[in-house]
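One structure below.
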Amino acid sequence: MDYVRVGSLAELGNALGRDGATLIAGGTDLMVKMRAGSVRPRLLVDISRVDELREVSMHPSGLTIGSAALVAEVLASPTVSTNYPLLATVLRSLGSTQIRNRATLGGNLANASPAADSPLALLAYDARVTLAGAGTERTLPLHEFFLGPGRTALRRGEYIRSIDLPTPRTDWDVFFHKVGRRRALTIAITSVAGLIALRGRAVVDVRVTAGSVAPTPIRLRAVEDLVRRRELDGEQIAAAHATALREVSPIDDVRATALYRRTVTADLVARFLHEASESTPTSP
Amino acid sequence: MNEAPATLIGTAIARPDAVDKVRGEARFVDDLAFPGMLHAAVVRSPHPHARILGIHAEAARSMPGVVVVLTAADVPGENIVHVIVDDQPALAADVVRYIGEPVALVAAETRRAARAAVDAVRVDYEPLPFVASPLAALEPDAPQVAVPSAAEGGNLFNRMVLVKGDVDGTFAVADVVVEGTYETGYQEHAYLETQGMIAVPDGLGAIAIYGSMQCPFYVQNAVAKVLGLPLAKVRVVAAATGGAFGGKEDVPSLLGSLAALLSSATRRPVKLVLDREEDVLTTSKRHPSRVFYRTAARADGTLLAIDVDIVLNAGAYQTLSSAVLWRSLVTAAGPYRVPNVRVVARSVATNTVPNGAFRGFGSPQVIFPHESQIDLVAERLGIDRVEIRRRNVLHSGDRTSTDHLVRDSVGIAETLDRAAELADWTARLERAATYNRASRETKRGVGVACVLYGVGLGGKAPFLDKAGATIKLEPDGSIAVAIGTVEIGQGLTTAVLQVAAEGLGVPIDRIHLSPVDTSRVPDSGPTVASRGTMMSALAVLDAAGRLRERIERVAKAHRIAKREIAQRLPEIARFFWLENFDPAVEGWASTEPVSWDPATGLGDVYPVYAYATHIAEVEVNVDTGEAHVVDYVAVHDSGRILNRVLASGQVEGGVAQGIGFALMETIEEKDGRLIVNGLTTYRLPTIRDVPLAAAVDFVEALFPAGPFGMKGIGEVPVMAAHAAVARAVAHATGRNPTRYPLDPPRIKSLLGEKP
């Protein structure tokens, strides 16, 4: 196996043209797979020192995060905690301090685990990913990037250039609950994130995302469509619960049954909406 | 012995091994290297049960760097790993009985070359029918797993009984009868340092073994047997050992034997170190269990009778299962007076990895039931859970379930009172009730658990309950001490040095304790059963007493006053040297005789018991089933505490391990295969899962035969912790959990059941 550490996007483009090239940044997923023998790269291209891939910057149209930005760097950015609090909340539950100090946001997306943490916030904020390759660049919504467990829209020779989040509403309330066997350093058995903007009890806008309940992290669009521009009352929340039960397609695995995942996801969606309805004044 | 509070005893001396460990300078087995050392790797069975038709090693032997490939045919002595019953081969000869069983060995110049050669060894197998569940293995038509000479019949390794009083008659007339069937799964030791051994030719036809271990004398016996060497030609040295928890009781005998076979064949040093995945998949775990438990009580909460049926999954070979099962049997009643007792305990062979020792040693499997059952009785009768325990715990003058009349050092009632006081029990229950009325999403629950632990090996292996020590006064007045039980992280080094300093009347910094070397001390038994510190401290005190007499005699001859001895020891030591006095002494300790009648299960089964009461408070999320321990109180009676900080550390670690066992740790088994990938998928608690503000306290019911009144503590914390947590979950959910781990899916499903 060969190893090359590239220092610029130009060098990266060249290296990716070579046969059997695999990108490595933090290596927190890849090294585990290599050690287990399930991935055997011929060439490791290390992008951890490419400055252009490590920016975290706010601009008039939103936030751009380079794919090799460390999770810890994203968390340390004041603009993230101020403008994208759900992203900060979700990233704080990713792995451990040690893993957050090595892992990158791009790596978390490229690994394409149905249980990944960061996509829950990124999908909720309508993130887009920019994919670059040999002289090409294209941008697509994050939900089109995930194709299935471990499968993405990345083509041979392409890499994730950046993750872009549009300027968010300023009145989002956030919700996040990740269920694991322990309280840190855990893979989600199931997880739900949400953003909601209310006027009185009326839902102005809402985003609901869930992990470990489908082949990819997903937006629960049927739930969103059901409650958007409606009054949040007990009946509406019950309907959202029923919709969530239908909208997810989890599997049985060693961590939990599909039934558990389905039930708890729906319960967490109901809890999200219930908490939102309780946090607003009841009188108009 | 010496009951007067002494200056060093109880003092929180900093551990002298801390600096080496913190600086990364302690030499664990994988840090050691010897000139010409080879590296070993093990060819293991991929089948739970199969006949070996042939082993083809030619290709592996010709690979670069490979020095030797060995099979069962190459074993010079007996192809047996001696533990208790001689049924386990070092290398499988005809049949493999579990996935991961060693079939062949490779030694090569590098670890990488050895592992590559393992993949090149081709073994032809004829798969045989297998059985992984103990209940299925007991069926008449089950595949035969157990080596017939090791079993009482079929796959029944051992059946033990404990019978006292009139059980059936009492159940017929009791005011209350409650029953349940309780199940626990695997628990992995997850010691920080994986298993490892180095075998080194030691000259004059001898062999030395350096390794990570609890029981150097077990390894000495096993290696001698497999190589056909006299014991005197086998020297075992304990390297710095990074945690053990029972996992390094019997397994090092197997791994030491494998390294020794390769070293003997190549006449070179050979290192065998397991990586985490291999360690988790192929070494012993806590026995999975199924326990049926029926309890009879009077209307006032007095326990009258228990009827218990215990089944442990032993795995493919006996290893320590008979001893583990015995502790399940004699611990089944807990720390309570129960006049009528019937316990039937069985260990069963299955085509899975042999299970062995794990902190608690067969007792957690019966503690979960006995603490659940007493709560069920309390609930039926409307009696407070602390109060019902108060009415039933043992006091001096009572008889245990094995009819052992206990007189000395019975502190369970004091631990219960102190724990209830520290937890503010009644007010805490009220606070939880108030919280639960206001909160829909989360519920609080409080649990209490009381345990008893027989210290030492007791009636099952009284011949092992001994220990030796040697103390040598060096000519400069420093003191060299050697003992036969091992520092495995528990703090034995510090505690034994404190005892030596106290016994000799010499400053602790003049005393050095060397690593255990079997050539320096007689067989001192294993470092298990919470006995390591107590037994070695007794042997050291014995030696110290005699050396002190000699020192006083020499001092007197030179007109040095007694009170000046400590200060003028270098001078006195010089007189020893000049005048040719013997400066070395040996010490010896053995426990009081114990008795046990296998026909009834009755007897004075242990020299003494340690006790504890733990109280846990948990918060359960009713939407998700997550449980989290929010507060904790642990009170122990281990007699005199030699070092309070180290003893508290033992308690805190045991609480973390108990939380793991109750709430998250497990390994699923499918077709004889453990579904686990090292510590990636085996979930241990992290610092965020343990209560940082746990209150730990000790009541010290002195044990007259112990060093300064001390008895053991090592295993007791984990034994109480899982049950306190499980009973707190029971309180929070209003349900009686009967299966570990209480992970979110299981609690969610529990909440769906009728209360």
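Chain labels run A, B, ... following the order of the structure tokens; each chain numbers its residues from 1, and ligands are numbered from 1 in the order shown.
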
*Compile the residues of chain B that lie within 12 Å of chain A, evaluated using only C-alpha atoms, and express the compilation as a PyMOL selection string.*
chain B and resi 275-278+440-442+621-629+659-670+674-690+741-750+752

*Residues near B:Pro46, cut-off 7 Å, only C-alpha atoms, skip fewer than 2 positions along chain, as a PyMOL selection string*: chain B and resi 44+48+99-100

*Test item: residues at most 6 Å from B:Gly445, only C-alpha atoms, excluding those fewer than 5 positions along its chain, as an NGL selection string*: :B and (617-618 or 728-729 or 731-732)

*asked:* So that I can see what lies close to A:Arg169, please list as an MDAnalysis selection string the residues with an atom at most 12 Å from it, counting only C-alpha atoms and leaving out residues fewer than 3 positions away in the same chain.
replied: chainID A and resid 62 82:85 124:126 165:166 172:174 195:198 204:207

*asked:* If DSSP is run on the backbone, what residues of stretch 650-711 of chain B are alpha helix (DSSP H)? A reply as a list in words would be ideal.
replied: Gln650, Val651, Glu652, Gly653, Gly654, Val655, Ala656, Gln657, Gly658, Ile659, Gly678, Leu679, Thr680 and Thr681 of chain B

*asked:* Give me, as a PyMOL selection string, all polymer residues having an atom no more than 8 Å from A:Val4, counting only C-alpha atoms and skipping those fewer than 5 positions away in the same chain.
replied: chain A and resi 15+43-46

Can you write out the residues you just picked, keeping C-alpha atoms, as a compact mmCIF listing (two decimals), in the first residue's frame?
```
# COMPACT_ATOMS: atom_id res chain seq x y z
CA ALA A 15 -3.37 11.86 -6.75
CA LEU A 43 -3.09 4.12 -2.31
CA LEU A 44 -4.04 6.30 0.63
CA VAL A 45 -4.36 9.97 -0.25
CA ASP A 46 -4.19 12.03 2.93
```

_Nearest to A:Gly17, chosen from A:Gly133, A:Ala238, A:Gln98, A:Glu247, with only C-alpha atoms counted in the distances_ =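 Once distances to A:Gly17 are computed over only C-alpha atoms, the minimum belongs to A:Gly133.
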
*Long-range neighbours of B:Arg546 as an MDAnalysis selection string, 10 Å cut-off, only C-alpha atoms, 5 positions minimum in chain*: chainID B and resid 471 503:504 541 551:552 584:587
